[in-house]
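**Q** Quick one: the structure is below, and I'll ask about it shortly.
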Amino acid sequence: MQLKVEGENINFSCLILDLGGVLLDIDYDATKIAFESLGLLNFSNLYHQFQQNELFDRFECGEISAQRFINELLPHLPSGTSANSVVKAWNAMLGDFDPHKLRFIDQIKQQVPVALLSNTNELHFAEVLRSWKKHRAEEMDLFFQEMFISHLIGKRKPNPDTFTWVCSQLKFPPEEVLFIDDSPQHIEGALAAGLQAKLYQPGISFEAYFS
């Protein structure tokens with residue numbers, strides 16, 4: 001298949017899309033505000049701390065359970081804060097699917113396989129599936145050729161090995177695969193693995209992006 005992406009003609013046999021920031025709206029500030037409303041006034045510092053000790057990476061790779069993740073957050077919140085409140089605040093960043101994008105992907109699927117590759121976690125993905133059901137009758141895993149979800153496959157972007165493994169699962173050589181993501185570091189990882197890759201700019205319709 002050939003598409004013109006940002007004015008450049010690209011030939012590819014398989015398309016891999018990111019989830020959050022590409023197909024699903026994301027607002028990280030919403031989670032920060034939600035935790036602050038629970039009484040966690042230093043959420044930004046805590047988030048950085050958890051990044052440093054790889055808590056988020058381990059959660060996204062399925063190495064720790066949702067309950068363990070919640071238990072790591074609760075000591076930083078006022079006494080009496082419920083686990084459900086933590087989950088709600090953590091999921092606050094998740095927006096909705098754009099039905100126009102999904103319809104456009106339906107058109108692309110008629111020409112090439114379309115797969116999904118996402119860094120996400122057990123709590124977020126459960127909410128994503130609920131959002132999906134508002135737009136589509138079919139199950140999400142039937143819409144895509146394959147879904148590669150980090151906490152289920154135990155691998156994350158931007159590790160080039162993750163992209164190499166995904167291409168092998170899809171049975172396409174990396175150079176025949178186009179990957180679209182909104183994170184520059186993920187694009188770099190894909191390019192290092194030999195894929196074609198384009199940075200998606202949120203807010204631009206797929207129709208305009210592929211023109």
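Identifiers in this document derive from the order of the structure tokens: chains are assigned A, B, ..., residues are numbered from 1 separately in each chain, and ligands are numbered from 1 in order of occurrence.
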Could you make a table, as a Markdown table, of the residues of segment 39-143 of chain A that have an atom within 12 Å of an atom of segment 182-187 of chain A, each with its nearest atom pair and distance in Å to one decimal, counting only C-alpha atoms, in chain and number order?
**A**
| residue | atom | partner | partner_atom | distance |
| --- | --- | --- | --- | --- |
| A:Leu117 | CA | A:His186 | CA | 10.6 |
| A:Ser118 | CA | A:His186 | CA | 10.4 |
| A:Asn119 | CA | A:His186 | CA | 10.1 |
**Q** For the selection you just gave me, I'd like the residues written to a file as a PDB file, in the first residue's frame, keeping C-alpha atoms.
**A**
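Printed below is result.pdb as written:
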ATOM      1  CA  LEU A 117       1.092  -1.574  19.954  1.00  0.00           C
ATOM      2  CA  SER A 118       0.547   0.162  23.270  1.00  0.00           C
ATOM      3  CA  ASN A 119       2.396   0.794  26.505  1.00  0.00           C
TER       4      ASN A 119
END
**Q** May I have the residues within 8 Å of Gly39 of chain A as a ChimeraX atom specification, using only C-alpha atoms and disregarding those fewer than 3 positions away in the same chain?
**A** /A:35-36,77-78
**Q** Looking only at strand (DSSP E) from DSSP on the backbone, list the matching residues of segment 64-152 of chain A as a ChimeraX atom specification.
**A** /A:94-97,114-118,147-149
**Q** Point out the residue among A:Leu15, A:Phe56, A:Asn9, A:Glu188 with the least atom-to-atom distance to Pro173 of chain A, counting only C-alpha atoms.
**A**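 That would be A:Leu15, the residue with the smallest distance to Pro173 of chain A.
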**Q** Under the rule that only C-alpha atoms are counted, which of A:Lys88, A:Arg130, A:Arg136, A:Arg103 is the nearest residue to Thr31 of chain A?
**A** A:Lys88
**Q** Could you tell me how far atom CA of Asp98 of chain A sits from atom CA of Phe206 of chain A, in Å to one decimal place?
**A** 10.1 Å
**Q** List as a list in words the protein and nucleic acid residues near Phe144 of chain A, meaning an atom at most 12 Å away when only C-alpha atoms are counted, but skip any in the same chain fewer than 5 places from it.
**A**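 So the residues in contact are Cys14, Leu15, Ile16, Leu17, Asp18, Leu19, Leu102, Ile105, Asp106, Ile108, Lys109, Gln110, Val112, Pro113, Val114, Ala115, Leu116, Leu117, Glu138, Glu139 and Leu170 of chain A.
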**Q** Quick one: of A:Leu195, A:Ala89, A:Leu178, A:Val166, who's nearest to Ser13 of chain A, counting only C-alpha atoms?
**A**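 Smallest separation from Ser13 of chain A among the options: A:Leu178.
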**Q** Enter the distance from atom CA of Glu175 of chain A to atom CA of Phe12 of chain A, in Å, rounded to one decimal.
**A** 7.9 Å
**Q** Determine, counting only C-alpha atoms, which protein, DNA and RNA residues have an atom within 12 Å of an atom of Thr162 of chain A; residues of the same chain fewer than 5 positions away are not included. Present the result as a ChimeraX atom specification.
**A** /A:61,117-119,148-150,153-157,167-169,174,186,189-195
**Q** Looking only at the backbone, which of the residues in segment 1-206 of chain A does DSSP tag as helix (DSSP H, G or I), as a PyMOL selection string?
**A** chain A and resi 28-38+43-52+55-60+66-76+83-91+99-109+122-132+140-143+150-153+160-170+174-176+184-192+206
**Q** Just to be explicit: take each residue in the selection above, keep C-alpha atoms, and write the result as a compact mmCIF listing (two decimals), in the first residue's frame.
**A**
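File written: part-v1.txt
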# COMPACT_ATOMS: atom_id res chain seq x y z
CA TYR A 28 -2.08 13.68 31.77
CA ASP A 29 -3.00 16.84 33.67
CA ALA A 30 -6.42 15.35 34.43
CA THR A 31 -4.79 12.64 36.54
CA LYS A 32 -2.58 15.17 38.27
CA ILE A 33 -5.62 17.30 39.14
CA ALA A 34 -7.59 14.25 40.26
CA PHE A 35 -4.86 13.15 42.67
CA GLU A 36 -4.47 16.68 43.97
CA SER A 37 -8.21 16.73 44.71
CA LEU A 38 -7.66 13.60 46.81
CA PHE A 43 1.83 14.24 42.56
CA SER A 44 4.33 15.55 39.98
CA ASN A 45 7.24 14.80 42.31
CA LEU A 46 5.82 11.40 43.20
CA TYR A 47 5.30 10.57 39.52
CA HIS A 48 8.95 11.42 38.85
CA GLN A 49 10.01 9.32 41.85
CA PHE A 50 8.03 6.33 40.61
CA GLN A 51 9.55 6.77 37.16
CA GLN A 52 12.99 6.68 38.72
CA LEU A 55 7.31 1.30 39.19
CA PHE A 56 5.42 2.43 36.09
CA ASP A 57 7.63 0.37 33.77
CA ARG A 58 7.05 -2.73 35.87
CA PHE A 59 3.31 -2.09 35.99
CA GLU A 60 3.20 -1.62 32.21
CA ALA A 66 -2.97 -3.57 39.92
CA GLN A 67 -3.42 -4.08 43.65
CA ARG A 68 0.33 -3.76 44.24
CA PHE A 69 0.35 -0.55 42.20
CA ILE A 70 -2.55 0.89 44.19
CA ASN A 71 -0.87 -0.12 47.45
CA GLU A 72 2.24 1.83 46.40
CA LEU A 73 0.13 4.98 45.95
CA LEU A 74 -2.10 4.75 49.02
CA PRO A 75 0.60 5.63 51.62
CA HIS A 76 1.06 8.99 49.87
CA ALA A 83 -8.66 2.03 46.38
CA ASN A 84 -11.55 2.92 44.05
CA SER A 85 -10.69 6.62 44.41
CA VAL A 86 -7.10 5.88 43.41
CA VAL A 87 -8.23 3.93 40.36
CA LYS A 88 -10.60 6.72 39.32
CA ALA A 89 -7.84 9.34 39.65
CA TRP A 90 -5.32 7.17 37.80
CA ASN A 91 -7.78 6.64 34.95
CA PRO A 99 -15.02 7.56 15.73
CA HIS A 100 -13.76 9.36 12.61
CA LYS A 101 -10.32 7.81 13.09
CA LEU A 102 -11.84 4.37 13.54
CA ARG A 103 -13.82 4.73 10.32
CA PHE A 104 -10.69 5.80 8.48
CA ILE A 105 -8.81 2.78 9.82
CA ASP A 106 -11.66 0.63 8.47
CA GLN A 107 -10.71 1.92 5.02
CA ILE A 108 -7.00 1.20 5.52
CA LYS A 109 -7.80 -2.33 6.75
CA GLU A 122 -4.10 -3.40 33.70
CA LEU A 123 -6.14 -0.52 35.13
CA HIS A 124 -5.96 1.70 32.06
CA PHE A 125 -6.66 -1.10 29.62
CA ALA A 126 -9.82 -2.17 31.43
CA GLU A 127 -11.10 1.40 31.07
CA VAL A 128 -10.02 1.51 27.41
CA LEU A 129 -12.12 -1.58 26.69
CA ARG A 130 -15.13 0.06 28.33
CA SER A 131 -14.66 3.13 26.15
CA TRP A 132 -14.32 0.96 23.06
CA MET A 140 -11.47 -4.54 20.15
CA ASP A 141 -9.17 -7.48 19.45
CA LEU A 142 -11.29 -8.36 16.39
CA PHE A 143 -10.94 -4.85 14.95
CA SER A 150 2.64 -4.13 27.04
CA HIS A 151 1.33 -5.55 30.31
CA LEU A 152 0.12 -8.65 28.45
CA ILE A 153 3.21 -9.26 26.30
CA PRO A 160 13.96 -1.86 19.59
CA ASP A 161 13.68 -5.54 20.56
CA THR A 162 9.98 -4.95 21.21
CA PHE A 163 9.46 -3.74 17.65
CA THR A 164 11.52 -6.59 16.21
CA TRP A 165 9.46 -9.12 18.16
CA VAL A 166 6.16 -7.53 17.11
CA CYS A 167 7.16 -7.63 13.43
CA SER A 168 8.09 -11.29 13.78
CA GLN A 169 4.69 -12.03 15.32
CA LEU A 170 3.00 -10.24 12.44
CA PRO A 174 10.44 -4.44 9.68
CA GLU A 175 11.16 -2.44 6.53
CA GLU A 176 7.64 -3.24 5.25
CA PRO A 184 9.44 10.84 19.73
CA GLN A 185 11.32 8.24 21.79
CA HIS A 186 9.03 5.49 20.50
CA ILE A 187 9.60 6.62 16.94
CA GLU A 188 13.36 6.44 17.54
CA GLY A 189 13.03 2.89 18.88
CA ALA A 190 11.02 1.81 15.85
CA LEU A 191 13.51 3.34 13.43
CA ALA A 192 16.37 1.63 15.25
CA PHE A 206 -6.21 10.91 10.07
